[in-house]
$ cat work25.cif   # mmCIF, C-alpha atoms
data_target
loop_
_atom_site.label_atom_id
_atom_site.label_comp_id
_atom_site.auth_asym_id
_atom_site.auth_seq_id
_atom_site.Cartn_x
_atom_site.Cartn_y
_atom_site.Cartn_z
CA MET A 1 70.49 -24.95 46.48
CA GLY A 2 68.02 -24.56 43.59
CA ARG A 3 66.63 -21.88 41.38
CA ASP A 4 64.74 -18.87 42.68
CA TRP A 5 61.11 -19.77 42.02
CA ARG A 6 59.92 -16.17 42.01
CA VAL A 7 62.53 -15.01 39.52
CA ASP A 8 61.68 -17.77 37.04
CA THR A 9 57.96 -17.12 37.44
CA LEU A 10 58.39 -13.40 36.87
CA ARG A 11 60.47 -14.08 33.77
CA GLY A 12 57.68 -16.33 32.53
CA TYR A 13 55.12 -13.57 33.08
CA PHE A 14 57.30 -11.06 31.24
CA LEU A 15 57.66 -13.49 28.31
CA VAL A 16 53.88 -13.88 28.10
CA ALA A 17 53.38 -10.11 28.30
CA MET A 18 55.94 -9.42 25.57
CA THR A 19 54.45 -12.13 23.36
CA LEU A 20 50.96 -10.65 23.64
CA GLY A 21 52.36 -7.23 22.81
CA HIS A 22 53.72 -8.45 19.47
CA PHE A 23 50.43 -9.03 17.66
CA PRO A 24 46.91 -7.53 17.77
CA ASN A 25 44.75 -9.24 20.37
CA ALA A 26 42.25 -8.49 23.13
CA LEU A 27 44.69 -9.27 25.95
CA ALA A 28 47.46 -6.88 24.90
CA PRO A 29 45.95 -3.82 26.66
CA PHE A 30 46.11 -5.73 29.95
CA THR A 31 49.78 -6.64 29.64
CA GLU A 32 51.35 -3.42 28.30
CA TYR A 33 52.09 -0.70 30.88
CA THR A 34 49.42 -2.16 33.14
CA PHE A 35 51.03 -0.96 36.37
CA GLY A 36 52.33 2.40 35.19
CA TYR A 37 55.20 3.60 33.05
CA ALA A 38 57.32 0.45 33.24
CA SER A 39 56.61 -2.63 31.15
CA ALA A 40 57.68 -6.25 30.68
CA PRO A 41 61.04 -5.61 28.92
CA ASP A 42 62.20 -3.53 31.89
CA GLY A 43 61.78 -6.42 34.28
CA PHE A 44 63.05 -9.00 31.83
CA VAL A 45 66.34 -7.17 31.18
CA PHE A 46 66.84 -6.52 34.90
CA LEU A 47 66.27 -10.19 35.77
CA SER A 48 68.60 -11.24 32.95
CA GLY A 49 71.38 -9.25 34.60
CA LEU A 50 70.50 -10.68 38.01
CA VAL A 51 70.48 -14.29 36.82
CA SER A 52 73.67 -13.86 34.79
CA THR A 53 75.53 -12.92 37.97
CA TRP A 54 74.00 -15.79 39.92
CA VAL A 55 75.20 -18.19 37.25
CA TYR A 56 78.63 -16.87 36.29
CA LEU A 57 80.07 -15.30 39.43
CA PRO A 58 79.99 -18.53 41.50
CA LEU A 59 81.65 -20.25 38.54
CA ARG A 60 84.43 -17.66 38.67
CA GLN A 61 84.84 -18.29 42.37
CA ARG A 62 85.06 -22.06 41.91
CA ARG A 63 87.04 -22.44 38.70
CA GLY A 64 88.60 -19.08 37.94
CA ASN A 65 88.05 -16.20 35.57
CA SER A 66 88.91 -18.08 32.36
CA ALA A 67 86.20 -20.69 33.01
CA MET A 68 83.66 -17.95 33.60
CA VAL A 69 84.65 -16.05 30.44
CA SER A 70 84.45 -19.25 28.40
CA LYS A 71 80.94 -20.02 29.62
CA VAL A 72 79.75 -16.43 29.16
CA PHE A 73 80.86 -16.36 25.54
CA ARG A 74 79.39 -19.78 24.84
CA ARG A 75 76.07 -18.48 26.07
CA ALA A 76 76.46 -15.25 24.12
CA GLY A 77 77.23 -17.33 21.03
CA THR A 78 74.02 -19.33 21.48
CA ILE A 79 71.99 -16.14 21.81
CA TYR A 80 73.73 -14.62 18.79
CA LEU A 81 72.99 -17.65 16.60
CA THR A 82 69.36 -17.51 17.72
CA HIS A 83 69.28 -13.85 16.71
CA ILE A 84 70.78 -14.68 13.30
CA ALA A 85 68.17 -17.38 12.71
CA LEU A 86 65.33 -15.00 13.59
CA LEU A 87 66.90 -12.27 11.47
CA ALA A 88 67.13 -14.54 8.44
CA LEU A 89 63.57 -15.69 8.91
CA GLY A 90 62.37 -12.10 9.16
CA ILE A 91 64.08 -11.22 5.90
CA LEU A 92 62.56 -14.25 4.17
CA VAL A 93 59.11 -13.27 5.39
CA ALA A 94 59.67 -9.69 4.17
CA LEU A 95 60.77 -11.00 0.75
CA TYR A 96 57.67 -13.17 0.55
CA ARG A 97 55.40 -10.26 1.44
CA SER A 98 57.43 -7.66 -0.51
CA THR A 99 57.51 -5.29 2.44
CA GLY A 100 60.10 -3.21 4.30
CA VAL A 101 63.49 -4.87 4.25
CA ALA A 102 62.70 -6.74 1.02
CA ALA A 103 64.24 -3.82 -0.87
CA HIS A 104 67.66 -4.35 0.76
CA PRO A 105 67.80 -7.88 2.20
CA LEU A 106 71.60 -8.26 2.09
CA GLN A 107 72.23 -4.88 3.70
CA THR A 108 69.68 -5.70 6.38
CA PHE A 109 71.26 -9.07 7.10
CA VAL A 110 74.80 -7.68 7.31
CA SER A 111 73.86 -4.76 9.54
CA GLY A 112 71.69 -7.02 11.70
CA SER A 113 74.49 -9.59 11.97
CA LEU A 114 76.86 -6.86 13.12
CA LEU A 115 74.29 -5.91 15.80
CA TRP A 116 73.98 -2.45 14.28
CA ASN A 117 70.38 -2.40 13.15
CA GLN A 118 67.44 -3.62 15.17
CA VAL A 119 65.17 -5.72 13.01
CA GLY A 120 61.74 -6.94 14.05
CA PHE A 121 60.57 -7.73 17.57
CA ASP A 122 63.67 -9.80 18.43
CA ARG A 123 65.68 -6.64 19.10
CA ILE A 124 66.24 -7.68 22.67
CA LEU A 125 68.57 -10.56 21.71
CA PRO A 126 71.35 -8.50 20.07
CA MET A 127 71.18 -6.13 23.02
CA TYR A 128 71.52 -9.07 25.40
CA CYS A 129 74.56 -10.32 23.44
CA VAL A 130 76.34 -7.02 24.00
CA PHE A 131 75.50 -6.87 27.70
CA LEU A 132 76.57 -10.46 28.24
CA ALA A 133 79.87 -9.91 26.41
CA PHE A 134 80.76 -7.14 28.88
CA SER A 135 79.71 -9.20 31.91
CA PRO A 136 83.17 -10.65 32.70
CA ILE A 137 84.58 -7.12 32.92
CA VAL A 138 81.70 -5.88 35.06
CA LEU A 139 81.82 -8.84 37.45
CA LYS A 140 85.58 -8.56 37.81
CA GLN A 141 85.26 -4.91 38.81
CA PHE A 142 82.60 -5.84 41.34
CA THR A 143 84.79 -8.50 42.97
CA GLU A 144 87.80 -6.16 43.06
CA GLY A 145 85.91 -3.49 44.98
CA ARG A 146 85.22 -1.17 42.05
CA ALA A 147 81.45 -1.46 41.94
CA TRP A 148 81.40 2.32 42.34
CA LEU A 149 83.26 2.68 39.05
CA ILE A 150 80.74 0.51 37.20
CA GLY A 151 77.95 2.49 38.82
CA VAL A 152 79.42 5.81 37.69
CA ILE A 153 79.92 4.57 34.12
CA SER A 154 76.46 3.01 33.95
CA ALA A 155 74.77 6.12 35.36
CA GLY A 156 76.74 8.32 32.96
CA LEU A 157 75.64 6.27 29.95
CA TRP A 158 72.02 6.31 31.13
CA VAL A 159 72.05 10.09 31.63
CA GLY A 160 73.68 10.52 28.24
CA ALA A 161 70.93 8.43 26.66
CA GLN A 162 68.34 10.87 27.97
CA PHE A 163 70.02 13.49 25.78
CA GLY A 164 70.41 11.32 22.69
CA LEU A 165 73.57 9.31 23.32
CA GLY A 166 73.22 6.02 21.49
CA ASP A 167 70.42 7.21 19.22
CA SER A 168 72.61 7.46 16.11
CA ARG A 169 71.79 3.94 14.93
CA SER A 170 68.85 3.69 12.58
CA SER A 171 66.61 0.71 12.11
CA ALA A 172 66.45 -1.23 8.88
CA GLU A 173 64.56 0.40 6.05
CA GLY A 174 60.83 -0.11 6.25
CA LEU A 175 60.78 -0.81 9.98
CA GLY A 176 60.15 1.39 12.96
CA PRO A 177 62.77 3.40 14.88
CA VAL A 178 65.33 1.77 17.15
CA ALA A 179 63.45 0.58 20.24
CA PHE A 180 66.33 -0.26 22.55
CA ASN A 181 69.06 2.30 23.11
CA LEU A 182 71.87 0.28 24.65
CA CYS A 183 73.13 3.25 26.64
CA ALA A 184 69.76 3.49 28.38
CA TRP A 185 68.92 -0.19 28.79
CA GLN A 186 72.30 -1.23 30.17
CA ALA A 187 71.25 0.47 33.41
CA TYR A 188 68.62 -2.24 34.02
CA PHE A 189 71.06 -5.04 33.27
CA VAL A 190 73.88 -3.60 35.38
CA ALA A 191 71.50 -2.93 38.28
CA GLY A 192 70.46 -6.57 38.15
CA GLN A 193 74.09 -7.67 38.05
CA TYR A 194 74.97 -5.57 41.08
CA ILE A 195 72.10 -6.91 43.17
CA GLY A 196 73.05 -10.42 42.09
CA TYR A 197 76.64 -9.75 43.12
CA ARG A 198 75.57 -8.57 46.57
CA ALA A 199 73.49 -11.74 46.96
CA VAL A 200 76.39 -14.00 45.99
CA ARG A 201 78.77 -12.13 48.26
CA SER A 202 76.53 -12.20 51.33
CA GLN A 203 74.57 -15.42 50.59
CA ALA A 204 71.47 -13.36 51.34
CA SER A 205 68.94 -11.45 49.31
CA GLY A 206 71.20 -8.68 48.03
CA VAL A 207 68.55 -6.06 48.81
CA GLY A 208 67.86 -4.56 52.22
CA LYS A 209 64.34 -3.91 53.49
CA SER A 210 63.33 -0.45 54.62
CA ARG A 211 59.79 0.46 55.64
CA ILE A 212 60.39 4.09 54.73
CA LEU A 213 61.61 3.15 51.26
CA LEU A 214 58.70 0.74 50.91
CA ALA A 215 56.21 3.48 51.71
CA ALA A 216 57.87 5.82 49.22
CA CYS A 217 57.77 3.15 46.50
CA VAL A 218 54.08 2.48 47.18
CA VAL A 219 53.23 6.16 46.83
CA VAL A 220 55.33 6.69 43.70
CA SER A 221 54.03 3.52 42.04
CA LEU A 222 50.40 4.41 42.70
CA LEU A 223 50.82 7.97 41.47
CA LEU A 224 52.51 6.83 38.27
CA MET A 225 49.93 4.13 37.65
CA VAL A 226 47.08 6.63 38.05
CA ASP A 227 48.85 9.14 35.82
CA ARG A 228 49.47 6.47 33.19
CA HIS A 229 45.73 5.62 33.08
CA LEU A 230 44.29 9.13 33.35
CA LEU A 231 43.22 9.07 29.71
CA SER A 232 41.29 5.81 29.96
CA LEU A 233 39.83 6.56 33.40
CA TRP A 234 38.84 10.22 33.15
CA GLY A 235 39.66 11.27 29.60
CA MET A 236 42.60 13.40 30.75
CA SER A 237 46.08 13.44 29.26
CA PRO A 238 48.77 12.04 31.59
CA LEU A 239 50.34 14.85 33.59
CA LEU A 240 53.82 13.55 32.86
CA GLY A 241 53.09 13.06 29.17
CA PHE A 242 53.25 9.26 29.05
CA ASN A 243 55.41 7.94 26.25
CA GLY A 244 55.98 4.25 25.63
CA HIS A 245 59.41 4.99 24.14
CA PRO A 246 61.76 3.86 26.93
CA ASP A 247 65.07 5.50 26.11
CA HIS A 248 64.22 9.10 26.97
CA ASN A 249 61.86 8.52 29.86
CA PRO A 250 63.49 8.77 33.31
CA VAL A 251 60.11 8.23 34.97
CA ARG A 252 59.97 4.76 33.44
CA PHE A 253 63.20 3.74 35.15
CA LEU A 254 61.98 5.16 38.46
CA ASP A 255 58.70 3.29 38.15
CA ALA A 256 60.48 0.04 37.32
CA ALA A 257 62.72 0.42 40.38
CA CYS A 258 59.74 1.09 42.68
CA LEU A 259 57.71 -1.82 41.31
CA GLY A 260 60.69 -4.12 41.65
CA TYR A 261 61.15 -3.14 45.28
CA LEU A 262 57.47 -3.79 46.00
CA ILE A 263 57.71 -7.25 44.45
CA TRP A 264 60.76 -7.96 46.59
CA TRP A 265 58.79 -7.11 49.75
CA ILE A 266 56.07 -9.66 49.02
CA SER A 267 56.34 -12.52 51.50
CA ARG A 268 57.86 -15.78 50.27
CA ALA A 269 54.78 -17.49 51.68
CA VAL A 270 53.01 -16.17 48.58
CA ASP A 271 55.46 -18.17 46.45
CA VAL A 272 54.63 -21.33 48.35
CA ALA A 273 50.93 -20.78 47.73
CA ALA A 274 51.51 -19.93 44.06
CA MET A 275 53.48 -23.14 43.54
CA LYS A 276 50.22 -25.05 43.99
CA LEU A 277 48.49 -23.24 41.13
CA ARG A 278 48.93 -24.50 37.58
CA PHE A 279 48.98 -21.01 36.09
CA PHE A 280 52.02 -19.97 38.12
CA ARG A 281 53.71 -23.33 37.57
CA PHE A 282 53.22 -22.72 33.85
CA LEU A 283 54.84 -19.28 34.09
CA ASN A 284 57.67 -20.80 36.10
CA LEU A 285 58.25 -23.39 33.38
CA LEU A 286 58.47 -20.65 30.73
CA GLY A 287 60.88 -18.59 32.81
CA GLY A 288 63.21 -21.52 33.26
CA HIS A 289 63.65 -21.83 29.47
CA SER A 290 63.45 -18.18 28.49
CA LEU A 291 65.62 -18.18 25.35
CA GLN A 292 63.77 -21.08 23.75
CA VAL A 293 60.38 -19.62 24.66
CA PHE A 294 61.30 -16.15 23.41
CA ALA A 295 62.60 -17.46 20.07
CA PHE A 296 59.47 -19.55 19.61
CA SER A 297 57.26 -16.57 20.40
CA MET A 298 59.03 -14.58 17.70
CA LEU A 299 58.32 -17.30 15.17
CA ILE A 300 54.60 -17.48 15.78
CA THR A 301 53.88 -13.79 16.37
CA ARG A 302 55.77 -12.80 13.23
CA PHE A 303 53.05 -14.57 11.25
CA GLU A 304 50.12 -13.72 13.51
CA ALA A 305 50.78 -9.97 13.38
CA ASN A 306 49.41 -9.75 9.84
CA THR A 307 47.16 -12.78 9.52
CA ILE A 308 44.66 -12.06 12.33
CA LYS A 309 44.04 -8.37 11.73
CA THR A 310 40.66 -9.11 10.15
CA PHE A 311 39.60 -11.63 12.82
CA SER A 312 36.65 -10.89 15.09
CA PRO A 313 37.42 -9.86 18.70
CA GLY A 314 36.36 -13.29 19.92
CA ALA A 315 38.60 -15.07 17.42
CA LYS A 316 41.53 -12.81 18.38
CA LEU A 317 40.99 -13.71 22.04
CA ILE A 318 41.06 -17.43 21.23
CA VAL A 319 44.24 -16.99 19.18
CA ALA A 320 45.85 -15.07 22.04
CA LEU A 321 45.03 -17.80 24.57
CA LEU A 322 46.27 -20.55 22.25
CA THR A 323 49.44 -18.57 21.59
CA VAL A 324 50.17 -18.28 25.30
CA LEU A 325 49.55 -22.00 25.83
CA SER A 326 51.80 -22.87 22.89
CA LEU A 327 54.74 -21.22 24.67
CA GLY A 328 54.89 -24.29 26.87
CA LEU A 329 55.93 -26.46 23.91
CA PRO A 330 59.51 -25.15 23.50
CA ALA A 331 59.93 -25.09 27.29
CA LEU A 332 58.89 -28.74 27.65
CA LEU A 333 61.00 -29.81 24.68
CA HIS A 334 64.07 -28.02 26.00
CA GLN A 335 63.53 -29.52 29.44
CA PHE A 336 63.24 -32.99 27.90
CA PHE A 337 66.50 -32.63 25.98
CA GLN A 338 68.25 -31.23 29.05
CA GLU A 339 67.20 -34.26 31.07
CA ARG A 340 68.46 -36.61 28.39
CA ARG A 341 71.77 -34.78 28.13
CA THR A 342 72.41 -34.72 31.87
CA ARG A 343 71.08 -38.16 32.74
CA GLY A 344 73.73 -40.18 34.48
CA HIS A 345 75.84 -37.17 35.55
CA GLU A 346 75.72 -37.19 39.32
CA GLU A 347 77.29 -33.77 39.64
CA GLU A 348 74.36 -32.09 37.90
CA PRO A 349 70.68 -32.00 38.86
CA ARG A 350 68.60 -34.41 36.80
CA SER A 351 66.57 -31.51 35.48
CA GLY A 352 69.71 -30.25 33.75
CA ARG A 353 69.00 -26.75 34.99
CA VAL A 354 71.50 -24.37 36.56
CA ARG A 355 71.63 -24.29 40.34
CA TYR A 356 71.87 -20.79 41.78
CA ARG A 357 74.12 -20.56 44.81
CA ALA A 358 72.89 -17.06 45.65
CA VAL A 359 69.27 -18.00 46.36
CA PRO A 360 68.22 -17.95 50.02
CA ALA A 361 66.98 -21.30 51.31
CA ALA A 362 63.43 -20.03 51.51
CA THR A 363 63.36 -19.55 47.76
CA THR A 364 64.60 -22.94 46.64
CA ARG A 365 62.52 -25.78 45.37
#
$ encode --input "work25.cif" --output "structure tokens"
Amino acid sequence: MGRDWRVDTLRGYFLVAMTLGHFPNALAPFTEYTFGYASAPDGFVFLSGLVSTWVYLPLRQRRGNSAMVSKVFRRAGTIYLTHIALLALGILVALYRSTGVAAHPLQTFVSGSLLWNQVGFDRILPMYCVFLAFSPIVLKQFTEGRAWLIGVISAGLWVGAQFGLGDSRSSAEGLGPVAFNLCAWQAYFVAGQYIGYRAVRSQASGVGKSRILLAACVVVSLLLMVDRHLLSLWGMSPLLGFNGHPDHNPVRFLDAACLGYLIWWISRAVDVAAMKLRFFRFLNLLGGHSLQVFAFSMLITRFEANTIKTFSPGAKLIVALLTVLSLGLPALLHQFFQERRTRGHEEEPRSGRVRYRAVPAATTR
């Protein structure tokens, strides 16, 4: 049983959207909050939780809890080292340009290494490290029938975040405010983990289909999308006071949930048709190597953010398109090295990629 094609493709789309949002370009307005109050990071964090359960819970079932914990922390270690590399690079760039964190580079590095401060656009990696480190505990509670307990704790943290819980951390000097409140964003990750757990347990989708719920999600999604774009469409301020800051915006979580449910309802026949198109195959490639693609995107956009400000609109569009295409380089390189590493091992697929046991047969490739 192979990977879920739709999940990888969606992750690829979210990576492209986040990349375009990290530097000034003509495509950014079409990828940020396009469908309403939710945006690419919402879906990316949710899918990260979903995929983590698909990968690690079957391992726990086959080889025991210690094997799962070992693999989780190896993965967390890889993500942490990637974060450290990006952090160090960001400090070096700041020193070169004499901006922001250049005044306190050591303090910034120490606090960033301790996952206290959020530095630059790679803030999602330290957050992911924390969520992944707690995954063995969360998955164990799921399997022991205490999913309700995890749900209560997660909901309590999310509600607390709406009133400021988790806001005490400050970003490094010279940078913007903390973008990802862990108490708020863990709700996306845990929701993904729970749906992944249900899929592994039942060998089905993990999400039931209800026409009534579908209709409600359609209505809510449309209303929120219209409200989000009132200013650009009719010059009116959004009725709900749209705010891109995610941590104190319950409507954003609601919108993300509704959009996710709508995507789930789309027939798998659409996936089969999309597999024939190069654009979607490209997104699928990116989603299958998300860490490498994300790290690479941080490297190039860190330099582009300041260098193309004076470019003409046409030149910015060309840079944006070339940037998106360049994301395929780390994905192809990582795929190549995976194939070399796994060649000759009959127990692993020749692609070297993880095989998800929870994916329904209709979704495999």
$ atom_distance --input "work25.cif" --atom1 "CA of Ile318 (chain A)" --atom2 "CA of Leu27 (chain A)"
10.1 Å
$ atom_distance --input "work25.cif" --atom1 "CA of Phe131 (chain A)" --atom2 "CA of Phe189 (chain A)"
7.4 Å
$ atom_distance --input "work25.cif" --atom1 "CA of Met225 (chain A)" --atom2 "CA of Thr34 (chain A)"
7.8 Å
$ residues_around --input "work25.cif" --residues "Phe142 (chain A)" --least-positions-apart "2" --cutoff "10 Å" --atoms "only C-alpha atoms" --output "PyMOL selection string"
chain A and resi 57+136-140+144-151+193-194+197-198
$ write_last_selection --input "work25.cif" --atoms "C-alpha atoms" --output "PDB file, keeping the file's coordinate frame"
ATOM      1  CA  LEU A  57      80.070 -15.300  39.430  1.00  0.00           C
ATOM      2  CA  PRO A 136      83.170 -10.650  32.700  1.00  0.00           C
ATOM      3  CA  ILE A 137      84.580  -7.120  32.920  1.00  0.00           C
ATOM      4  CA  VAL A 138      81.700  -5.880  35.060  1.00  0.00           C
ATOM      5  CA  LEU A 139      81.820  -8.840  37.450  1.00  0.00           C
ATOM      6  CA  LYS A 140      85.580  -8.560  37.810  1.00  0.00           C
ATOM      7  CA  GLU A 144      87.800  -6.160  43.060  1.00  0.00           C
ATOM      8  CA  GLY A 145      85.910  -3.490  44.980  1.00  0.00           C
ATOM      9  CA  ARG A 146      85.220  -1.170  42.050  1.00  0.00           C
ATOM     10  CA  ALA A 147      81.450  -1.460  41.940  1.00  0.00           C
ATOM     11  CA  TRP A 148      81.400   2.320  42.340  1.00  0.00           C
ATOM     12  CA  LEU A 149      83.260   2.680  39.050  1.00  0.00           C
ATOM     13  CA  ILE A 150      80.740   0.510  37.200  1.00  0.00           C
ATOM     14  CA  GLY A 151      77.950   2.490  38.820  1.00  0.00           C
ATOM     15  CA  GLN A 193      74.090  -7.670  38.050  1.00  0.00           C
ATOM     16  CA  TYR A 194      74.970  -5.570  41.080  1.00  0.00           C
ATOM     17  CA  TYR A 197      76.640  -9.750  43.120  1.00  0.00           C
ATOM     18  CA  ARG A 198      75.570  -8.570  46.570  1.00  0.00           C
TER      19      ARG A 198
END
$ closest_residue --input "work25.cif" --among "A:Gly77, A:Pro24, A:Gly208, A:Gly12" --to "Lys309 (chain A)" --atoms "all atoms listed in the file"
A:Pro24
$ build_atoms --input "work25.cif" --residues "region 132-161 of chain A" --atoms "N, CA and C atoms" --output "CSV table (one decimal), keeping the file's coordinate frame"
chain,number,residue,atom,x,y,z
A,132,LEU,N,75.9,-9.2,27.7
A,132,LEU,CA,76.6,-10.5,28.2
A,132,LEU,C,78.1,-10.5,27.9
A,133,ALA,N,78.4,-9.9,26.8
A,133,ALA,CA,79.9,-9.9,26.4
A,133,ALA,C,80.7,-9.0,27.4
A,134,PHE,N,80.1,-8.0,27.9
A,134,PHE,CA,80.8,-7.1,28.9
A,134,PHE,C,80.7,-7.7,30.3
A,135,SER,N,79.9,-8.7,30.5
A,135,SER,CA,79.7,-9.2,31.9
A,135,SER,C,81.0,-9.6,32.6
A,136,PRO,N,81.9,-10.3,32.0
A,136,PRO,CA,83.2,-10.6,32.7
A,136,PRO,C,83.9,-9.4,33.2
A,137,ILE,N,83.9,-8.4,32.5
A,137,ILE,CA,84.6,-7.1,32.9
A,137,ILE,C,83.8,-6.5,34.1
A,138,VAL,N,82.5,-6.5,34.0
A,138,VAL,CA,81.7,-5.9,35.1
A,138,VAL,C,81.8,-6.7,36.3
A,139,LEU,N,81.7,-8.0,36.2
A,139,LEU,CA,81.8,-8.8,37.4
A,139,LEU,C,83.2,-8.8,38.1
A,140,LYS,N,84.2,-8.7,37.3
A,140,LYS,CA,85.6,-8.6,37.8
A,140,LYS,C,85.7,-7.3,38.6
A,141,GLN,N,85.2,-6.2,38.1
A,141,GLN,CA,85.3,-4.9,38.8
A,141,GLN,C,84.5,-5.0,40.1
A,142,PHE,N,83.4,-5.7,40.1
A,142,PHE,CA,82.6,-5.8,41.3
A,142,PHE,C,83.4,-6.6,42.4
A,143,THR,N,84.1,-7.7,42.0
A,143,THR,CA,84.8,-8.5,43.0
A,143,THR,C,86.1,-7.8,43.4
A,144,GLU,N,86.6,-6.9,42.7
A,144,GLU,CA,87.8,-6.2,43.1
A,144,GLU,C,87.5,-4.8,43.8
A,145,GLY,N,86.3,-4.7,44.2
A,145,GLY,CA,85.9,-3.5,45.0
A,145,GLY,C,85.7,-2.2,44.2
A,146,ARG,N,85.4,-2.4,42.9
A,146,ARG,CA,85.2,-1.2,42.0
A,146,ARG,C,83.8,-1.1,41.5
A,147,ALA,N,82.8,-1.6,42.3
A,147,ALA,CA,81.4,-1.5,41.9
A,147,ALA,C,81.1,0.0,41.7
A,148,TRP,N,81.7,0.9,42.5
A,148,TRP,CA,81.4,2.3,42.3
A,148,TRP,C,81.8,2.8,40.9
A,149,LEU,N,82.8,2.3,40.4
A,149,LEU,CA,83.3,2.7,39.0
A,149,LEU,C,82.2,2.2,38.0
A,150,ILE,N,81.8,1.0,38.1
A,150,ILE,CA,80.7,0.5,37.2
A,150,ILE,C,79.5,1.3,37.3
A,151,GLY,N,79.1,1.7,38.6
A,151,GLY,CA,78.0,2.5,38.8
A,151,GLY,C,78.1,3.9,38.2
A,152,VAL,N,79.2,4.5,38.3
A,152,VAL,CA,79.4,5.8,37.7
A,152,VAL,C,79.3,5.7,36.2
A,153,ILE,N,80.0,4.7,35.6
A,153,ILE,CA,79.9,4.6,34.1
A,153,ILE,C,78.5,4.3,33.6
A,154,SER,N,77.8,3.4,34.3
A,154,SER,CA,76.5,3.0,34.0
A,154,SER,C,75.5,4.2,34.1
A,155,ALA,N,75.6,4.9,35.2
A,155,ALA,CA,74.8,6.1,35.4
A,155,ALA,C,75.1,7.2,34.3
A,156,GLY,N,76.4,7.3,34.0
A,156,GLY,CA,76.7,8.3,33.0
A,156,GLY,C,76.2,8.0,31.6
A,157,LEU,N,76.2,6.7,31.2
A,157,LEU,CA,75.6,6.3,30.0
A,157,LEU,C,74.1,6.5,29.9
A,158,TRP,N,73.5,6.2,31.1
A,158,TRP,CA,72.0,6.3,31.1
A,158,TRP,C,71.6,7.8,31.0
A,159,VAL,N,72.3,8.7,31.7
A,159,VAL,CA,72.0,10.1,31.6
A,159,VAL,C,72.3,10.6,30.2
A,160,GLY,N,73.4,10.1,29.6
A,160,GLY,CA,73.7,10.5,28.2
A,160,GLY,C,72.6,10.1,27.3
A,161,ALA,N,72.0,8.9,27.5
A,161,ALA,CA,70.9,8.4,26.7
A,161,ALA,C,69.7,9.3,26.7
